[in-house]
$ cat run-v4.txt   # compact mmCIF, C-alpha atoms
# COMPACT_ATOMS: atom_id res chain seq x y z
CA MET A 1 -24.03 57.91 -8.09
CA LYS A 2 -20.61 58.76 -6.72
CA SER A 3 -21.17 56.72 -3.58
CA LEU A 4 -22.40 53.77 -5.57
CA LEU A 5 -19.42 53.74 -7.89
CA GLY A 6 -17.10 54.28 -4.97
CA SER A 7 -18.38 51.09 -3.36
CA LEU A 8 -18.18 49.08 -6.58
CA ARG A 9 -14.76 50.22 -7.80
CA ARG A 10 -15.05 52.88 -10.46
CA HIS A 11 -12.32 51.63 -12.80
CA GLN A 12 -13.85 48.15 -13.06
CA PHE A 13 -17.30 49.59 -13.70
CA PHE A 14 -16.11 51.94 -16.44
CA THR A 15 -13.90 49.27 -18.02
CA LEU A 16 -16.78 46.84 -18.36
CA SER A 17 -19.47 49.40 -19.14
CA GLY A 18 -17.29 51.22 -21.68
CA GLY A 19 -17.45 48.37 -24.18
CA LEU A 20 -21.14 47.76 -23.59
CA LEU A 21 -21.85 51.47 -23.85
CA GLY A 22 -19.98 51.79 -27.13
CA ALA A 23 -21.62 48.66 -28.54
CA ASN A 24 -25.11 49.76 -27.61
CA VAL A 25 -24.56 53.30 -28.87
CA LEU A 26 -23.54 51.81 -32.20
CA ALA A 27 -26.60 49.57 -32.20
CA LEU A 28 -29.00 52.40 -31.38
CA ALA A 29 -27.35 54.78 -33.87
CA THR A 30 -27.75 52.32 -36.73
CA MET A 31 -31.19 51.00 -35.77
CA PRO A 32 -33.08 53.79 -37.61
CA PHE A 33 -31.29 52.76 -40.80
CA LEU A 34 -31.89 49.04 -40.29
CA THR A 35 -35.62 49.55 -39.69
CA ARG A 36 -35.77 51.19 -43.10
CA LEU A 37 -33.82 48.37 -44.75
CA TYR A 38 -35.50 45.39 -43.08
CA PRO A 39 -39.28 44.97 -42.65
CA ALA A 40 -40.97 44.15 -39.35
CA THR A 41 -41.22 40.51 -40.43
CA SER A 42 -37.41 40.23 -40.56
CA PHE A 43 -37.17 41.55 -37.02
CA GLY A 44 -39.79 39.00 -36.04
CA TYR A 45 -37.71 36.18 -37.50
CA PHE A 46 -34.67 37.56 -35.69
CA ALA A 47 -36.57 37.66 -32.38
CA ILE A 48 -37.55 34.00 -32.72
CA TYR A 49 -33.95 33.06 -33.57
CA VAL A 50 -32.56 35.00 -30.59
CA ALA A 51 -35.11 33.46 -28.24
CA ILE A 52 -34.37 29.86 -29.18
CA SER A 53 -30.59 30.22 -29.42
CA GLY A 54 -30.55 32.41 -26.31
CA ILE A 55 -32.26 29.85 -24.10
CA ALA A 56 -30.33 26.82 -25.36
CA GLY A 57 -27.02 28.68 -25.70
CA SER A 58 -27.11 30.20 -22.23
CA LEU A 59 -27.94 26.85 -20.64
CA SER A 60 -25.56 24.80 -22.80
CA THR A 61 -22.73 25.21 -20.26
CA LEU A 62 -24.92 23.85 -17.44
CA ARG A 63 -23.77 27.00 -15.59
CA PHE A 64 -20.30 25.57 -14.94
CA GLU A 65 -18.78 28.73 -16.41
CA TYR A 66 -19.94 30.81 -13.43
CA SER A 67 -18.02 28.55 -11.07
CA VAL A 68 -14.80 29.34 -12.99
CA ALA A 69 -14.59 32.79 -11.37
CA THR A 70 -15.10 31.37 -7.87
CA ALA A 71 -12.78 28.35 -8.20
CA ASP A 72 -10.20 28.03 -5.41
CA ASN A 73 -7.26 27.46 -7.77
CA GLU A 74 -6.28 27.31 -11.42
CA ASN A 75 -6.59 23.54 -11.62
CA GLU A 76 -10.20 23.69 -10.50
CA ALA A 77 -10.89 26.55 -12.89
CA SER A 78 -9.42 24.54 -15.77
CA LEU A 79 -11.58 21.53 -14.94
CA LEU A 80 -14.73 23.60 -14.61
CA ALA A 81 -14.13 25.33 -17.94
CA SER A 82 -13.57 21.91 -19.52
CA PHE A 83 -16.83 20.63 -18.03
CA ALA A 84 -18.63 23.65 -19.47
CA ILE A 85 -17.25 23.12 -22.98
CA ALA A 86 -18.07 19.40 -22.89
CA SER A 87 -21.61 20.31 -21.85
CA ILE A 88 -21.91 22.66 -24.84
CA GLY A 89 -21.23 19.78 -27.22
CA LEU A 90 -23.84 17.59 -25.54
CA VAL A 91 -26.53 20.28 -25.44
CA THR A 92 -25.87 21.20 -29.08
CA VAL A 93 -26.51 17.60 -30.16
CA ILE A 94 -29.71 17.44 -28.12
CA SER A 95 -30.81 20.81 -29.53
CA SER A 96 -30.32 19.55 -33.08
CA LEU A 97 -32.85 16.80 -32.41
CA GLY A 98 -35.36 19.28 -31.00
CA ILE A 99 -34.85 21.64 -33.94
CA ALA A 100 -35.41 18.78 -36.38
CA LEU A 101 -38.79 18.03 -34.77
CA ILE A 102 -39.81 21.70 -34.84
CA TYR A 103 -38.81 21.98 -38.49
CA PHE A 104 -40.51 18.84 -39.79
CA PHE A 105 -43.76 19.38 -37.87
CA HIS A 106 -43.74 23.16 -38.43
CA VAL A 107 -44.59 23.87 -34.79
CA LEU A 108 -43.69 27.56 -34.93
CA SER A 109 -45.94 28.93 -37.65
CA ALA A 110 -44.32 32.40 -37.59
CA ALA A 111 -40.78 31.03 -38.05
CA PRO A 112 -39.42 30.69 -41.59
CA GLN A 113 -39.65 27.18 -42.96
CA SER A 114 -36.00 27.24 -43.97
CA LEU A 115 -33.11 24.88 -43.26
CA THR A 116 -30.77 27.87 -43.33
CA PHE A 117 -32.66 29.54 -40.47
CA TRP A 118 -32.51 26.46 -38.25
CA SER A 119 -28.86 25.76 -39.11
CA GLU A 120 -27.95 29.29 -38.07
CA THR A 121 -29.87 28.81 -34.85
CA LEU A 122 -27.96 25.63 -34.03
CA ILE A 123 -24.57 27.24 -34.75
CA SER A 124 -25.54 30.19 -32.55
CA ILE A 125 -26.32 27.85 -29.63
CA ALA A 126 -22.78 26.45 -29.66
CA LEU A 127 -21.13 29.86 -30.14
CA SER A 128 -23.18 31.44 -27.34
CA GLY A 129 -22.04 28.75 -24.92
CA LEU A 130 -18.38 29.17 -25.85
CA LEU A 131 -18.73 32.94 -25.52
CA GLN A 132 -19.91 32.57 -21.92
CA VAL A 133 -17.08 30.22 -20.99
CA PHE A 134 -14.29 32.39 -22.36
CA THR A 135 -15.89 35.51 -20.89
CA GLN A 136 -15.68 34.02 -17.41
CA VAL A 137 -12.12 32.81 -18.03
CA ASN A 138 -11.07 36.35 -18.95
CA PHE A 139 -13.03 37.68 -15.98
CA ARG A 140 -11.04 35.40 -13.68
CA GLN A 141 -7.78 36.52 -15.28
CA GLY A 142 -8.73 40.15 -14.73
CA THR A 143 -8.55 40.99 -18.45
CA LEU A 144 -11.66 43.14 -18.29
CA SER A 145 -10.48 45.31 -21.18
CA VAL A 146 -10.66 42.31 -23.52
CA ILE A 147 -14.24 41.65 -22.44
CA SER A 148 -15.05 45.30 -23.04
CA ILE A 149 -13.42 45.42 -26.47
CA ARG A 150 -15.22 42.22 -27.43
CA HIS A 151 -18.56 44.01 -27.24
CA ILE A 152 -17.37 46.70 -29.66
CA ILE A 153 -15.98 44.14 -32.12
CA ASP A 154 -19.13 42.04 -31.90
CA ARG A 155 -21.49 44.93 -32.53
CA SER A 156 -19.35 46.39 -35.31
CA THR A 157 -19.29 43.04 -37.10
CA VAL A 158 -23.06 42.66 -36.80
CA ILE A 159 -23.73 46.18 -38.07
CA VAL A 160 -21.39 45.95 -41.06
CA PHE A 161 -22.73 42.62 -42.25
CA SER A 162 -26.34 43.68 -41.62
CA PHE A 163 -25.86 46.45 -44.17
CA VAL A 164 -24.00 44.11 -46.52
CA PHE A 165 -26.72 41.47 -46.46
CA ALA A 166 -29.43 44.12 -46.89
CA HIS A 167 -27.56 45.36 -49.99
CA LEU A 168 -27.46 41.76 -51.25
CA HIS A 169 -31.25 41.54 -50.69
CA PHE A 170 -31.04 38.93 -47.91
CA GLU A 171 -33.99 40.59 -46.20
CA GLN A 172 -35.35 37.44 -44.57
CA GLU A 173 -32.22 36.25 -42.76
CA GLY A 174 -29.68 39.06 -43.14
CA LEU A 175 -29.93 40.12 -39.49
CA ILE A 176 -29.49 36.51 -38.35
CA LEU A 177 -26.44 35.84 -40.55
CA ALA A 178 -24.80 39.03 -39.27
CA HIS A 179 -25.45 38.01 -35.67
CA VAL A 180 -23.87 34.58 -36.16
CA LEU A 181 -20.74 36.19 -37.63
CA GLY A 182 -20.58 38.59 -34.68
CA LEU A 183 -20.69 35.69 -32.23
CA PHE A 184 -17.95 33.87 -34.12
CA VAL A 185 -15.59 36.86 -34.07
CA SER A 186 -16.30 37.47 -30.36
CA VAL A 187 -15.43 33.88 -29.45
CA LEU A 188 -12.14 34.16 -31.36
CA VAL A 189 -11.19 37.38 -29.54
CA LEU A 190 -11.87 35.98 -26.07
CA TRP A 191 -10.27 32.61 -26.84
CA ARG A 192 -7.04 34.27 -28.00
CA ALA A 193 -6.88 36.33 -24.79
CA SER A 194 -7.56 33.40 -22.46
CA LYS A 195 -4.61 31.61 -20.84
CA LEU A 196 -6.47 28.81 -19.16
CA ARG A 197 -5.50 25.31 -20.25
CA LEU A 198 -8.34 22.88 -20.69
CA ARG A 199 -8.22 19.36 -19.30
CA ASN A 200 -8.32 16.32 -21.57
CA SER A 201 -9.66 13.91 -18.95
CA LEU A 202 -12.91 14.60 -17.13
CA ILE A 203 -13.46 11.19 -15.58
CA ASP A 204 -10.46 10.82 -13.26
CA ALA A 205 -10.63 11.18 -9.47
CA PRO A 206 -9.63 14.90 -9.26
CA ALA A 207 -12.21 15.79 -11.91
CA LYS A 208 -14.94 13.89 -10.07
CA ALA A 209 -14.00 15.64 -6.81
CA VAL A 210 -14.29 19.08 -8.43
CA LEU A 211 -17.58 18.12 -10.05
CA LYS A 212 -18.96 17.08 -6.67
CA LYS A 213 -17.69 20.25 -5.00
CA TYR A 214 -19.40 22.58 -7.49
CA ARG A 215 -22.45 20.46 -8.27
CA ASP A 216 -24.80 23.10 -6.84
CA PHE A 217 -24.23 25.23 -9.96
CA PRO A 218 -25.82 22.75 -12.41
CA LEU A 219 -28.24 21.34 -9.83
CA LYS A 220 -29.57 24.61 -8.42
CA ASN A 221 -28.35 27.51 -10.53
CA LEU A 222 -29.21 25.82 -13.84
CA PRO A 223 -32.95 25.48 -13.11
CA SER A 224 -32.97 29.02 -11.78
CA ALA A 225 -31.23 30.34 -14.89
CA ALA A 226 -33.57 28.34 -17.14
CA LEU A 227 -36.60 29.87 -15.48
CA THR A 228 -35.11 33.38 -15.56
CA LEU A 229 -34.25 33.06 -19.23
CA SER A 230 -37.68 31.72 -19.99
CA THR A 231 -39.33 34.86 -18.64
CA SER A 232 -37.59 36.93 -21.33
CA GLN A 233 -36.83 34.48 -24.15
CA LEU A 234 -39.72 32.02 -24.07
CA PRO A 235 -42.50 34.53 -24.92
CA PRO A 236 -41.33 35.15 -28.53
CA VAL A 237 -41.26 31.38 -29.06
CA LEU A 238 -44.82 30.99 -27.74
CA TYR A 239 -45.99 34.06 -29.63
CA SER A 240 -44.66 32.55 -32.86
CA ILE A 241 -47.21 29.73 -32.50
CA PHE A 242 -50.24 32.07 -32.32
CA TYR A 243 -49.20 35.40 -33.83
CA SER A 244 -47.49 36.60 -37.01
CA ALA A 245 -43.82 37.45 -37.41
CA HIS A 246 -44.90 40.95 -38.39
CA ASP A 247 -46.47 41.63 -34.96
CA ILE A 248 -43.53 39.99 -33.19
CA GLY A 249 -41.27 42.37 -35.11
CA TYR A 250 -42.98 45.41 -33.57
CA LEU A 251 -42.60 43.88 -30.13
CA SER A 252 -38.96 43.03 -30.88
CA LEU A 253 -38.05 46.65 -31.59
CA ALA A 254 -39.51 47.78 -28.26
CA GLN A 255 -37.67 45.02 -26.41
CA ARG A 256 -34.36 45.84 -28.09
CA LEU A 257 -34.68 49.50 -27.13
CA LEU A 258 -35.26 48.56 -23.49
CA ASP A 259 -32.51 45.93 -23.47
CA SER A 260 -29.91 48.64 -24.12
CA PRO A 261 -29.98 50.18 -20.60
CA THR A 262 -30.06 46.67 -19.18
CA SER A 263 -26.93 45.72 -21.11
CA ILE A 264 -25.08 48.97 -20.49
CA ILE A 265 -25.77 49.43 -16.79
CA GLY A 266 -27.33 46.23 -15.47
CA SER A 267 -24.81 43.74 -16.83
CA SER A 268 -21.72 45.84 -16.11
CA LEU A 269 -22.84 46.98 -12.68
CA GLY A 270 -24.01 43.46 -11.83
CA ALA A 271 -20.66 41.95 -12.83
CA VAL A 272 -18.65 44.46 -10.79
CA TYR A 273 -21.11 44.12 -7.91
CA TYR A 274 -20.56 40.35 -7.99
CA ARG A 275 -16.78 40.79 -7.94
CA ARG A 276 -17.02 43.36 -5.15
CA MET A 277 -19.14 41.11 -2.95
CA LEU A 278 -16.83 38.12 -3.50
CA GLN A 279 -13.89 40.15 -2.20
CA SER A 280 -15.67 41.79 0.74
CA GLU A 281 -16.53 40.68 4.24
CA PRO A 282 -20.13 39.57 4.92
CA GLY A 283 -20.50 42.38 7.42
CA ILE A 284 -20.62 45.08 4.72
CA HIS A 285 -22.97 43.23 2.34
CA LEU A 286 -26.06 44.88 3.77
CA ARG A 287 -24.67 48.39 3.48
CA VAL A 288 -23.58 47.91 -0.14
CA LEU A 289 -26.89 46.24 -1.01
CA TRP A 290 -28.91 49.12 0.43
CA ARG A 291 -26.91 51.84 -1.29
CA THR A 292 -27.00 49.99 -4.61
CA LEU A 293 -30.78 49.57 -4.36
CA VAL A 294 -31.36 53.25 -3.63
CA TRP A 295 -29.09 54.50 -6.39
CA SER A 296 -30.41 51.97 -8.87
CA VAL A 297 -33.95 53.24 -8.37
CA LEU A 298 -32.89 56.89 -8.66
CA VAL A 299 -30.67 56.48 -11.72
CA PHE A 300 -32.75 54.00 -13.73
CA SER A 301 -36.14 55.69 -13.27
CA ILE A 302 -35.30 59.01 -14.98
CA PRO A 303 -34.64 57.82 -18.57
CA LEU A 304 -37.43 55.25 -18.41
CA VAL A 305 -40.01 57.87 -17.37
CA ILE A 306 -38.92 60.07 -20.29
CA ALA A 307 -39.21 57.12 -22.69
CA PHE A 308 -42.71 56.33 -21.40
CA VAL A 309 -44.02 59.87 -21.88
CA PHE A 310 -42.57 60.44 -25.35
CA ALA A 311 -42.74 56.88 -26.73
CA GLN A 312 -44.98 57.57 -29.74
CA PRO A 313 -43.16 60.59 -31.24
CA LEU A 314 -39.75 59.04 -30.53
CA ILE A 315 -40.58 55.81 -32.34
CA GLU A 316 -42.11 57.53 -35.37
CA ARG A 317 -39.38 60.11 -35.75
CA LEU A 318 -36.44 57.76 -35.24
CA PHE A 319 -37.58 54.55 -36.88
CA GLY A 320 -40.26 55.67 -39.32
CA ALA A 321 -44.03 55.92 -39.23
CA ALA A 322 -44.32 52.26 -40.24
CA TRP A 323 -43.03 51.31 -36.76
CA SER A 324 -45.50 53.40 -34.75
CA ASP A 325 -47.14 50.28 -33.29
CA SER A 326 -43.91 49.57 -31.40
CA ALA A 327 -44.66 52.54 -29.13
CA PHE A 328 -47.56 50.66 -27.52
CA TYR A 329 -45.31 47.71 -26.69
CA LEU A 330 -42.63 50.07 -25.38
CA ARG A 331 -45.02 51.64 -22.87
CA ALA A 332 -46.29 48.24 -21.78
CA LEU A 333 -42.76 46.96 -21.08
CA ILE A 334 -41.17 49.99 -19.37
CA PRO A 335 -42.40 49.28 -15.79
CA PHE A 336 -41.34 45.64 -16.14
CA SER A 337 -37.91 46.62 -17.48
CA PHE A 338 -37.35 49.04 -14.61
CA VAL A 339 -38.06 46.49 -11.86
CA ARG A 340 -36.16 43.77 -13.73
CA LEU A 341 -33.10 46.01 -14.10
CA VAL A 342 -33.00 46.76 -10.37
CA PHE A 343 -33.33 43.05 -9.56
CA LEU A 344 -30.68 41.83 -12.03
CA VAL A 345 -28.04 44.10 -10.51
CA GLN A 346 -28.60 42.43 -7.15
CA GLN A 347 -29.25 38.87 -8.31
CA SER A 348 -25.61 37.75 -8.24
CA LEU A 349 -25.65 38.22 -4.46
CA TYR A 350 -27.68 35.00 -4.23
CA VAL A 351 -24.61 33.23 -5.63
CA VAL A 352 -22.24 35.01 -3.23
CA ILE A 353 -24.24 34.02 -0.13
CA ARG A 354 -24.80 30.55 -1.66
CA ARG A 355 -28.59 30.75 -1.42
CA LEU A 356 -29.28 29.41 -4.89
CA ASP A 357 -32.43 27.78 -3.55
CA LEU A 358 -33.95 31.20 -2.97
CA ASP A 359 -32.85 32.33 -6.43
CA LEU A 360 -34.61 29.27 -7.82
CA MET A 361 -37.77 30.12 -5.92
CA VAL A 362 -37.85 33.67 -7.30
CA SER A 363 -37.20 32.42 -10.82
CA SER A 364 -40.04 29.91 -10.45
CA ALA A 365 -42.41 32.69 -9.43
CA LEU A 366 -41.32 34.78 -12.41
CA PHE A 367 -41.83 31.88 -14.77
CA PHE A 368 -45.29 31.19 -13.37
CA MET A 369 -46.36 34.85 -13.64
CA GLN A 370 -45.03 35.06 -17.20
CA LEU A 371 -46.91 31.96 -18.33
CA LEU A 372 -50.06 33.05 -16.50
CA GLY A 373 -50.15 36.35 -18.35
CA LEU A 374 -49.38 34.74 -21.70
CA GLY A 375 -51.92 31.98 -21.18
CA LEU A 376 -54.73 34.33 -20.23
CA GLY A 377 -53.99 36.64 -23.14
CA ILE A 378 -53.89 33.84 -25.68
CA TYR A 379 -56.96 32.12 -24.18
CA LEU A 380 -59.00 35.31 -24.48
CA ALA A 381 -57.88 35.60 -28.11
CA ARG A 382 -56.78 39.20 -27.68
CA PRO A 383 -54.21 41.05 -29.83
CA LEU A 384 -50.54 40.53 -28.99
CA LEU A 385 -50.35 43.71 -26.91
CA PHE A 386 -52.73 42.31 -24.28
CA PRO A 387 -50.70 39.21 -23.23
CA VAL A 388 -47.52 41.28 -23.37
CA HIS A 389 -48.94 43.89 -21.00
CA LEU A 390 -50.52 41.36 -18.66
CA SER A 391 -47.48 39.10 -18.32
CA ALA A 392 -45.17 42.10 -17.79
CA SER A 393 -47.39 43.49 -15.04
CA LEU A 394 -47.61 40.18 -13.19
CA SER A 395 -43.84 39.62 -13.48
CA CYS A 396 -43.17 42.94 -11.75
CA PHE A 397 -44.63 41.56 -8.52
CA ALA A 398 -42.33 38.54 -8.64
CA TYR A 399 -39.24 40.73 -9.15
CA LEU A 400 -40.24 42.98 -6.24
CA ALA A 401 -40.68 39.91 -4.03
CA GLY A 402 -37.21 38.71 -5.09
CA ILE A 403 -35.62 42.02 -4.07
CA ALA A 404 -37.38 41.98 -0.71
CA LEU A 405 -36.39 38.37 -0.06
CA LEU A 406 -32.74 39.10 -0.85
CA PHE A 407 -32.73 42.12 1.44
CA LEU A 408 -34.15 40.10 4.33
CA GLN A 409 -31.69 37.26 3.79
CA VAL A 410 -28.66 39.56 3.73
CA ARG A 411 -29.97 41.38 6.79
CA LYS A 412 -30.04 38.12 8.75
CA SER A 413 -26.44 37.30 7.87
CA SER A 414 -25.03 40.80 8.40
CA SER A 415 -24.44 42.72 11.59
CA ALA A 416 -23.70 46.05 9.90
CA PRO A 417 -26.28 48.79 10.46
CA ILE A 418 -28.03 50.36 7.49
CA SER A 419 -27.02 53.89 6.59
CA LEU A 420 -29.91 55.88 5.17
CA ARG A 421 -27.55 58.31 3.49
CA VAL A 422 -27.46 58.03 -0.30
CA THR A 423 -24.94 60.75 -1.06
$ encode --input "run-v4.txt" --output "structure tokens"
Amino acid sequence: MKSLLGSLRRHQFFTLSGGLLGANVLALATMPFLTRLYPATSFGYFAIYVAISGIAGSLSTLRFEYSVATADNENEASLLASFAIASIGLVTVISSLGIALIYFFHVLSAAPQSLTFWSETLISIALSGLLQVFTQVNFRQGTLSVISIRHIIDRSTVIVFSFVFAHLHFEQEGLILAHVLGLFVSVLVLWRASKLRLRNSLIDAPAKAVLKKYRDFPLKNLPSAALTLSTSQLPPVLYSIFYSAHDIGYLSLAQRLLDSPTSIIGSSLGAVYYRRMLQSEPGIHLRVLWRTLVWSVLVFSIPLVIAFVFAQPLIERLFGAAWSDSAFYLRALIPFSFVRLVFLVQQSLYVVIRRLDLDLMVSSALFFMQLLGLGLGIYLARPLLFPVHLSASLSCFAYLAGIALLFLQVRKSSSAPISLRVT
């Protein structure tokens, strides 16, 4: 691990991971209490809300926010951030029309037939987009501590209000209301710390030139991101058409437990890895990629193997006997989460080497495998566990192919020899 952190700048890694670590420790520490305050159905509603707002919110910027960090100067960064915020407004309006159709025709049978639920979802879409923009602005400024603290503030707000709403007997939507408030506070924190001035005009000649220069982000990275997001966020939406919110709640708990290592290590390490590669010469890309792959496999596999072996007693003891069914979903998702975590750390390198077409190809394969597993499971009319297990297994092959493809591409563009040493 020492060699890995040495290559990726220890202080940046610990600055970013510190906030995520604290936030996720808080989330995991309070989860046993929340599972005793909220039924599985409430977690199912929350999973549907997160899936819809997560897909639309993450794509609402049209991926312009990622170009903010790579902009050549502050003027370009300002224009790109302005493009991203304008896109959020447009996508939010379009999303409201889609939500209206879903609500009136009751497409998602497992979702609550409540205007409050769908209003919260729409607000979350806009807040999620703004959160991404101001995160990248602070990342460009180098204010990593603000990004780290934001995670703690966000999680603390969500936890406090989750208990408050449970006390007020808002069992159906208490988790969702708390999450919306957490997003709102996070956006305020990052906005106050940002120093970037937004542009009022986005149709003049300089703005059009910048848009043309960075058009590969919305044209290539957006479809890739949409497909990647769909592999993780689309399943709960599809499940809500055929299965109950109660079953989705069991699955949601297992997914949230596995998302914690992804958030703590994968996101932080991936962000620092991205920054490290941007600042390095192409000749050392292969060496850093190889060492990161080796250490990722060694470090990530240990806790996941332990979780797989002791899934049943851990779930029952920590979250109550009523949640024992979540252990089956946890075991089904652990191999998928392991391969996905290794891939996500490396994925930003596609952006660095400007091979977004390959990233799109991998994301397309993942999307196809995910839908294939879901479709077969639903067609055979099996319980929810079957399509979950099948789609996760098929998706592992696509992630492994993506890692191999990235390694081969970097090897072609790098003249540095591979060192087999991992210490």
$ closest_residue --input "run-v4.txt" --among "A:Val210, A:Val410, A:Val309, A:Ala47" --to "Ala111 in chain A" --atoms "only C-alpha atoms"
A:Ala47
$ residues_around --input "run-v4.txt" --residues "range 148-152 of chain A" --least-positions-apart "6" --cutoff "6 Å" --atoms "all atoms listed in the file" --output "list in words"
Leu16, Gly19, Leu20, Ala23 and Ser186 of chain A
$ write_last_selection --input "run-v4.txt" --atoms "C-alpha atoms" --output "compact mmCIF listing (two decimals), in the frame of the given file"
# COMPACT_ATOMS: atom_id res chain seq x y z
CA LEU A 16 -16.78 46.84 -18.36
CA GLY A 19 -17.45 48.37 -24.18
CA LEU A 20 -21.14 47.76 -23.59
CA ALA A 23 -21.62 48.66 -28.54
CA SER A 186 -16.30 37.47 -30.36
$ residues_around --input "run-v4.txt" --residues "range 83-100 of chain A" --least-positions-apart "5" --cutoff "6 Å" --atoms "all atoms listed in the file" --output "JSON, numbers by chain"
{"A": [60, 61, 64, 65]}
$ residues_around --input "run-v4.txt" --residues "range 249-261 of chain A" --least-positions-apart "6" --cutoff "8 Å" --atoms "only C-alpha atoms" --output "ChimeraX atom specification"
/A:24,28,40-45,47,323,325-327,329-330,333-334,337
$ closest_residue --input "run-v4.txt" --among "A:Phe184, A:Gly402, A:Pro387, A:Leu80" --to "Tyr214 in chain A" --atoms "all atoms listed in the file"
A:Leu80
$ closest_residue --input "run-v4.txt" --among "A:Leu390, A:Val189, A:Cys396, A:Val158" --to "Leu177 in chain A" --atoms "only C-alpha atoms"
A:Val158
$ residues_around --input "run-v4.txt" --residues "Val388 in chain A" --least-positions-apart "6" --cutoff "10 Å" --atoms "all atoms listed in the file" --output "list in words"
Pro235, Tyr239, Leu251, Tyr329, Ala332, Leu333, Gln370, Gly373, Leu374 and Gly377 of chain A
$ closest_residue --input "run-v4.txt" --among "A:Ile159, A:Leu304, A:Leu131, A:Leu405" --to "Val25 in chain A" --atoms "only C-alpha atoms"
A:Ile159
$ decode --input "run-v4.txt" --residues "range 218-230 of chain A" --atoms "N, CA and C atoms" --output "compact mmCIF listing (two decimals), in the first residue's frame"
# COMPACT_ATOMS: atom_id res chain seq x y z
N PRO A 218 -19.64 16.12 -23.67
CA PRO A 218 -21.05 15.75 -23.81
C PRO A 218 -21.32 14.73 -24.91
N LEU A 219 -20.52 14.75 -25.97
CA LEU A 219 -20.79 13.86 -27.09
C LEU A 219 -20.34 12.42 -26.83
N LYS A 220 -19.22 12.25 -26.13
CA LYS A 220 -18.68 10.92 -25.91
C LYS A 220 -18.76 10.48 -24.45
N ASN A 221 -18.39 11.37 -23.54
CA ASN A 221 -18.38 10.99 -22.14
C ASN A 221 -19.79 10.88 -21.57
N LEU A 222 -20.72 11.69 -22.08
CA LEU A 222 -22.10 11.64 -21.57
C LEU A 222 -22.76 10.28 -21.85
N PRO A 223 -22.72 9.77 -23.08
CA PRO A 223 -23.29 8.43 -23.30
C PRO A 223 -22.61 7.36 -22.46
N SER A 224 -21.29 7.47 -22.32
CA SER A 224 -20.56 6.50 -21.51
C SER A 224 -21.01 6.57 -20.05
N ALA A 225 -21.14 7.79 -19.53
CA ALA A 225 -21.58 7.95 -18.14
C ALA A 225 -23.01 7.47 -17.96
N ALA A 226 -23.86 7.72 -18.96
CA ALA A 226 -25.26 7.28 -18.87
C ALA A 226 -25.34 5.76 -18.80
N LEU A 227 -24.52 5.09 -19.60
CA LEU A 227 -24.53 3.64 -19.59
C LEU A 227 -23.94 3.09 -18.28
N THR A 228 -22.87 3.73 -17.80
CA THR A 228 -22.26 3.29 -16.54
C THR A 228 -23.23 3.46 -15.38
N LEU A 229 -23.89 4.61 -15.33
CA LEU A 229 -24.87 4.85 -14.28
C LEU A 229 -26.03 3.87 -14.35
N SER A 230 -26.42 3.55 -15.56
CA SER A 230 -27.55 2.65 -15.74
C SER A 230 -27.27 1.26 -15.18
